[in-house]
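Below is one structure, written out as structure tokens, with a few remarks after it.
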Amino acid sequence: MEDVTQLAGRVTELSYALDTFYFLISGALVMWMAAGFTLLESGLIRAKNTAEILTKNIGLYAIASIVYMLCGYTIMYPGEFEGGMFQSLTTFGSGLVGSTDNTAAGVIESGGEVYYSSLSDFFFQIVFCATAMSIVSGAVAERMKLWSFFLFAIVMTGFIYPVQGFWKWGGGFLDAAGFEDFAGSGVVHLCGATAALAGVLLLGARKGKYGPGGQINAFPGCNLPLATLGALILWFGWFGFNGGSELKVSDVGEANAVALVFVNTNMGAAGGLVFALILARLWFGKADVTMALNGALAGLVSITAGPLAPTPFGATLIGAAGGLLVVLSIVTLDRLRIDDPVGAISVHGTAGIWGLLAVPIFNDEATLLAQLLGLVSILLWVFVTSFIVWFVIKATFGIRVSDKQESEGVDLSECGLEAYPEFTTAK
Amino acid sequence: MEDVTQLAGRVTELSYALDTFYFLISGALVMWMAAGFTLLESGLIRAKNTAEILTKNIGLYAIASIVYMLCGYTIMYPGEFEGGMFQSLTTFGSGLVGSTDNTAAGVIESGGEVYYSSLSDFFFQIVFCATAMSIVSGAVAERMKLWSFFLFAIVMTGFIYPVQGFWKWGGGFLDAAGFEDFAGSGVVHLCGATAALAGVLLLGARKGKYGPGGQINAFPGCNLPLATLGALILWFGWFGFNGGSELKVSDVGEANAVALVFVNTNMGAAGGLVFALILARLWFGKADVTMALNGALAGLVSITAGPLAPTPFGATLIGAAGGLLVVLSIVTLDRLRIDDPVGAISVHGTAGIWGLLAVPIFNDEATLLAQLLGLVSILLWVFVTSFIVWFVIKATFGIRVSDKQESEGVDLSECGLEAYPEFTTAK
Amino acid sequence: MEDVTQLAGRVTELSYALDTFYFLISGALVMWMAAGFTLLESGLIRAKNTAEILTKNIGLYAIASIVYMLCGYTIMYPGEFEGGMFQSLTTFGSGLVGSTDNTAAGVIESGGEVYYSSLSDFFFQIVFCATAMSIVSGAVAERMKLWSFFLFAIVMTGFIYPVQGFWKWGGGFLDAAGFEDFAGSGVVHLCGATAALAGVLLLGARKGKYGPGGQINAFPGCNLPLATLGALILWFGWFGFNGGSELKVSDVGEANAVALVFVNTNMGAAGGLVFALILARLWFGKADVTMALNGALAGLVSITAGPLAPTPFGATLIGAAGGLLVVLSIVTLDRLRIDDPVGAISVHGTAGIWGLLAVPIFNDEATLLAQLLGLVSILLWVFVTSFIVWFVIKATFGIRVSDKQESEGVDLSECGLEAYPEFTTAK
């Protein structure tokens with residue numbers, strides 16, 4: 001018969017299994033967000049540039065996976081490198097034999113400290129890194145060289161993102177300073193938006209976007225159902241993004257926390273959607289569906305820094321403010337002639353900043369000062385390094401397609417095919 | 001060392017965590033059904049009305065989330081209000097501090113009665129409420145004013161749906177009378193379809209749909225791959241809808257029950273699809289893919305009232321009957337000049353009724369009388385209240401766009417943009 | 001108070017519940033892959049044949065579900081038939097009363113041998129069977145009679161697939177011979193590709209595909225965002241396909257194994273994508289996005305036979321080789337005038353073979369001889385039986401539409417409607 005000690009070990013193992021499974025499912029949902037970015041961006045641009053943005057999105061996800069494994073993870077979590085994780089990931093050999101993942105005995109002895117598979121964490125980190133990079137692709141759409149973008153993706157996922165990720169999640173100075181960023185309004189979203197901003201500034205606006213005398217021309221998105229589906233995929237995937245960031249589900253307190261995160265994530269998106277839609281209706285006279293989508297996403301980004309603190313009603317308000325801000329930000333950037341075809345800088349940057357600053361409202365452990373420190377550190381680091389990298393690529397390989405290629409559409413020049421060869425009547 | 005009592009507490013907590021996680025994942029899958037409705041409806045209507053139906057679908061989901069939180073949940077589960085849940089949802093303050101979610105001590109003391117997070121249940125209820133409302137949007141497509149629809153959504157999700165939901169799931173008279181409705185063939189699907197029917201009757205058919213002398217003109221759906229994807233999303237999400245409605249998975253009996261629900265849900269859809277497709281082939285001479293999709297959905301709605309009772313073979317037959325009925329119902333409604341562009345009333349209403357009445361075939365605890373009582377109660381309540389609300393909106397703000405707006409497409413009048421600006425050759 | 005034995009029973013039940021839930025979620029993700037195949041194929045063919053391929057994909061999934069329940073499962077797992085499973089699935093009666101699913105007492109007594117619901121396994125098997133059949137539909141696109149395809153689907157899912165499935169997973173001679181095929185590079189993917197190849201050979205190429213003098217005409221896919229979404233759905237669903245094939249998650253070792261499978265599945269896809277894209281760029285001069293998608297899928301197929309053995313770096317290399325091979329294979333098949341509109345034979349067949357042969361590189365328990373035995377057995381069995389079935393159907397009902405129907409598009413002849421009635425300018 002099993003004695004109490006044996007049984008306790010079995011319970012500890014089962015608990016570890018549940019936390020690992022929860023982590024893996026959350027990670028899979030975040031991977032699925034790659035499809036959300038892909039469709040959102042495809043739907044909001046013009047048909048002639050669609051195949052290229054598809055290629056960018058799937059390509060960056062694959063690049064992020066590989067580069068983060070080879071380099072980024074080690075920078076972001078140096079403790080794992082010392083523990084042998086890097087070697088067990090990258091040796092050419094048997095994964096099980098060389099694995100440094102936890103043993104049953106080690107888990108039981110740790111008394112609750114080790115409670116999920118290291119590899120499940122690694123998976124979760126990979127998909128977060130890819131998410132940060134996904135933000136960039138939309139902002140530089142319709143005019144950038146494909147392979148220059150991929151080159152940037154390598155540096156971003158292998159170095160720029162991991163360094164500031166280490167500052168907070170790897171145990172660096174921002175963590176020590178009390179900076180609060182639950183699932184990454186700053187570390188993921190502001191980071192991606194800042195890298196995008198640097199790229200957009202060096203790249204310039206699409207031809208014909210801004211006319212003389214302050215004129216702003218609309219380039220309507222070619223496929224709004226896809227954009228809507230993309231936003232709904234992101235909404236759905238965000239339950240993994242925020243829900244998984246609690247890192248543990250296996251007791252009453254943690255399960256309640258994960259449930260609150262799910263509810264608040266949903267309410268943040270709902271608040272953002274409704275208020276962006278109302279503002280668009282009042283301001284522009286019409287219920288602009290693209291503003292509603294960006295409002296929902298802004299709500300999600302806003303609540304991401306602290307989904308565990310507010311009540312669901314409070315989360316709705318945080319999201320609502322994010323939804324209002326994103327509409328203002330999109331209009332403002334356009335007036336500043338900063339051309340972001342899909343609104344990524346506003347959704348992830350402006351709402352990301354708001355999300356970071358909103359944390360202290362509901363979370364007594366957070367301070368405005370620490371939030372500002374984190375915000376400025378991420379912004380400065382990512383902007384400066386990204387700007388340098390974009391600049392070097394621009395000076396060497398170039399980052400912008402030729403005028404002729406741009407007017408024909410980058411699909412032909414970069415991918416050699418059209419995304420909708422039978423549908424579009426005009427090039 | 002841990003003693004047996006401590007260990008037993010840890011097992012109880014772990015069990016609570018698994019049930020909560022199962023509930024949250026199920027709820028996320030139901031949220032994902034919002035994307036299914038959005039695409040299904042977008043694909044089955046004409047291009048010029050697409051942006052508006054996208055806005056309706058995402059808007060209603062957000063509205064349902066907020067209104068159900070502020071009002072609907074309390075009506076449907078008054079016990080939760082007394083328990084302080086309403087206050088802990090809607091106070092402006094810290095979610096964790098004010099939370100009335102269960103404590104570890106309370107869970108352990110309850111001896112198994114309290115076994116999941118209250119917030120996870122709240123999340124599950126929100127997405128169910130949104131599902132009921134999603135059914136309405138398709139039926140009133142292509143001719144309704146957007147903001148009048150949103151006004152109806154507020155009343156529906158804040159009042160009409162919760163009242164009849166209380167009757168069954170909140171412990172009201174239908175529950176006491178032995179009415180069986182596992183995951184809501186009646187409470188969700190028939191409810192939504194009935195509200196849609198009331199709206200369609202007051203709204204009237206689309207211009208040109210019915211000619212003189214009984215002529216019925218087809219308005220083909222503009223994007224069948226999206227419609228198919230929508231149906232497959234619904235099929236996938238239904239594993240959460242039905243699977244989560246068992247409410248518990250954490251012992252052998254419950255795990256087996258959830259597995260049976262998954263299998264029967266799948267078989268109901270398969271049966272509905274195959275038989276609708278065969279009937280369409282025999283009747284119309286062609287394998288009409290839209291009938292196959294509606295057949296699958298009708299199969300899903302049919303099995304929803306009692307997926308736990310039949311064998312998988314029995315579930316296939318229930319679904320098959322649903323698939324046959326939906327084809328008949330769609331043709332019949334068209335002959336009656338009740339214009340439902342996407343077949344929502346047939347899929348959710350006709351198949352919902354069949355689902356309710358089929359429960360006693362396999363479930364000995366159900367009686368035809370109780371099922372009829374539930375059916376009639378829901379139908380009457382929802383029809384009368386919806387009719388009044390639609391009527392008042394019609395008399396005040398109006399519910400129908402002008403003839404000119406309808407012929408140009410509601411996208412331009414309501415949303416100020418086109419969903420496919422580069423694809424459609426004619427308006 | 002609970003004693004240790006009672007508590008141990010509760011832990012065993014909870015463990016069973018977690019494994020069952022993990023199995024069901026994995027199965028639902030595999031079901032979702034049906035949407036992936038549907039969109040991938042819809043996006044890669046021409047608009048005029050889209051409604052038919054939608055019908056084929058949803059129809060085959062439903063047919064697979066029903067036929068596998070009635071017949072295939074019993075052939076593949078004869079032990080289950082003897083255990084009464086078949087009867088409890090197909091009797092007309094109450095599913096719970098007649099169920100042969102495990103009892104709590106039986107689970108506890110089994111000492112860990114019985115650890116998940118039989119019905120959850122049945123669900124997982126159904127969706128695997130449907131996956132194998134999904135592979136066929138793309139290869140025979142744009143020219144096959146719909147109902148002849150469905151006839152083949154019945155034989156494939158009810159007989160051809162289950163027989164070779166029994167050889168490996170039901171305890172047949174391939175299992176005894178040491179053939180290693182973790183989640184089915186052979187049993188599922190090579191099987192589907194081989195049945196497709198037999199069909200394509202008897203069906204012939206699409207009209208106009210191959211000109212005189214070795215000329216190969218491109219028929220560009222009509223909707224690349226849908227194809228990309230389809231590939232991403234498959235990538236996402238593959239976490240269930242491979243992740244669920246570990247069959248157990250509930251202790252430290254198993255949880256680690258599932259985590260490694262998740263990571264390696266992701267890395268295989270990433271490796272395949274990057275290397276296929278680079279090869280396409282070098283060879284064709286452009287970053288052909290369809291090659292990138294097929295590269296990712298080939299990477300997934302390649303790692304499926306043994307995702308548990310290599311390190312993540314090793315998995316990346318296996319996927320990379322798959323990605324290179326699929327580009328070569330697609331070009332080679334085209335030169336051989338074997339017309340596979342979506343590349344299914346290359347993705348699932350060529351990469352499936354590579355996946356089987358790659359297992360011994362990292363897994364010491366596998367031998368090249370046993371892998372070859374499995375490969376040849378599956379190939380021969382499926383090719384010969386499929387060829388006979390396709391041949392008989394061709395000789396009786398016919399398998400190919402008329403030239404006129406093919407040039408008008410099979411949507412009109414088979415489904416009586418168009419998939420995109422408002423978008424395409426020319427037939």
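The way I read the labels, and the way they are meant: chains A, B, ... in the order of the structure tokens, residue 1 as the first residue of every chain, and ligand 1 as the first ligand shown, with later ones counted on from there.
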Cut-off 6 Å: closest chain B/chain C atom pairs per residue, using only C-alpha atoms, as a Markdown table:
| residue | atom | partner | partner_atom | distance |
| --- | --- | --- | --- | --- |
| B:Cys222 | CA | C:Tyr420 | CA | 5.2 |
| B:Asn223 | CA | C:Tyr420 | CA | 5.1 |
| B:Leu224 | CA | C:Ala419 | CA | 4.9 |
| B:Ser250 | CA | C:Ala17 | CA | 5.1 |
| B:Asp251 | CA | C:Glu13 | CA | 4.9 |
| B:Val252 | CA | C:Glu13 | CA | 5.3 |
| B:Ala255 | CA | C:Ala17 | CA | 5.2 |
| B:Asn256 | CA | C:Ser117 | CA | 5.5 |
| B:Ala259 | CA | C:Ser120 | CA | 5.1 |
| B:Val263 | CA | C:Phe123 | CA | 5.9 |
| B:Ala270 | CA | C:Ala62 | CA | 4.3 |
| B:Lys286 | CA | C:Cys415 | CA | 5.0 |
| B:Ala287 | CA | C:Cys415 | CA | 4.5 |
| B:Asp288 | CA | C:Cys415 | CA | 5.1 |
| B:Val289 | CA | C:Thr55 | CA | 5.5 |
| B:Ala309 | CA | C:Ser94 | CA | 5.3 |
| B:Pro310 | CA | C:Gly95 | CA | 4.4 |
| B:Thr311 | CA | C:Gly95 | CA | 3.8 |
| B:Pro312 | CA | C:Leu89 | CA | 5.3 |
| B:Phe313 | CA | C:Thr90 | CA | 4.7 |
| B:Gly314 | CA | C:Phe92 | CA | 5.6 |
| B:Phe362 | CA | C:Ser94 | CA | 5.3 |
| B:Phe423 | CA | C:Phe423 | CA | 5.4 |
| B:Thr424 | CA | C:Phe423 | CA | 5.1 |
Å distance separating atom CA of Phe383 of chain C from atom CA of Pro307 of chain C, one decimal place: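 Atom CA of Phe383 of chain C sits 26.5 Å away from atom CA of Pro307 of chain C.
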Long-range neighbours of Val326 of chain B as a list in words, 9 Å cut-off, only C-alpha atoms, 2 positions minimum in chain: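 Neighbouring residues, sequence-local ones excluded: Gly272, Ala276, Met291, Asn294, Gly295, Ala298, Ala321, Gly322, Gly323, Leu324, Leu328, Ser329, Ile330, Val331, Gly343, Ser346, Val347, Thr350 and Ala351 of chain B.
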Residues from last step as file, C-alpha atoms, as a PDB file, in the first residue's frame:
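Saved the output as selection.pdb:
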ATOM      1  CA  GLY B 272     -26.627  16.796 -39.492  1.00  0.00           C
ATOM      2  CA  ALA B 276     -28.691  17.876 -44.995  1.00  0.00           C
ATOM      3  CA  MET B 291     -27.153  23.545 -46.676  1.00  0.00           C
ATOM      4  CA  ASN B 294     -26.510  24.687 -41.821  1.00  0.00           C
ATOM      5  CA  GLY B 295     -27.045  20.952 -41.436  1.00  0.00           C
ATOM      6  CA  ALA B 298     -28.498  22.186 -36.826  1.00  0.00           C
ATOM      7  CA  ALA B 321     -32.942  14.617 -37.995  1.00  0.00           C
ATOM      8  CA  GLY B 322     -31.828  18.137 -37.174  1.00  0.00           C
ATOM      9  CA  GLY B 323     -30.063  18.321 -40.530  1.00  0.00           C
ATOM     10  CA  LEU B 324     -33.159  17.228 -42.426  1.00  0.00           C
ATOM     11  CA  LEU B 328     -37.211  21.880 -44.650  1.00  0.00           C
ATOM     12  CA  SER B 329     -37.397  24.845 -42.331  1.00  0.00           C
ATOM     13  CA  ILE B 330     -35.275  27.111 -44.523  1.00  0.00           C
ATOM     14  CA  VAL B 331     -37.427  26.357 -47.548  1.00  0.00           C
ATOM     15  CA  GLY B 343     -30.912  30.614 -41.932  1.00  0.00           C
ATOM     16  CA  SER B 346     -34.094  27.541 -38.790  1.00  0.00           C
ATOM     17  CA  VAL B 347     -30.743  26.451 -37.430  1.00  0.00           C
ATOM     18  CA  THR B 350     -36.295  24.726 -35.517  1.00  0.00           C
ATOM     19  CA  ALA B 351     -33.382  22.531 -34.545  1.00  0.00           C
TER      20      ALA B 351
END
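Minimum atom-to-atom distance to Ala231 of chain A, evaluated using only C-alpha atoms, belongs to A:Leu44 out of A:Ile338, A:Val140, A:Leu190, A:Leu44.
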Alpha helix (DSSP H) call set, DSSP backbone run, segment 161-392 of chain B, as a count of residues only: 157
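Of the residues listed (B:Leu336, B:Ala183, B:Leu297, B:Ala193), B:Ala193 shows the shortest atom-to-atom separation from Val136 of chain B; distances use only C-alpha atoms.
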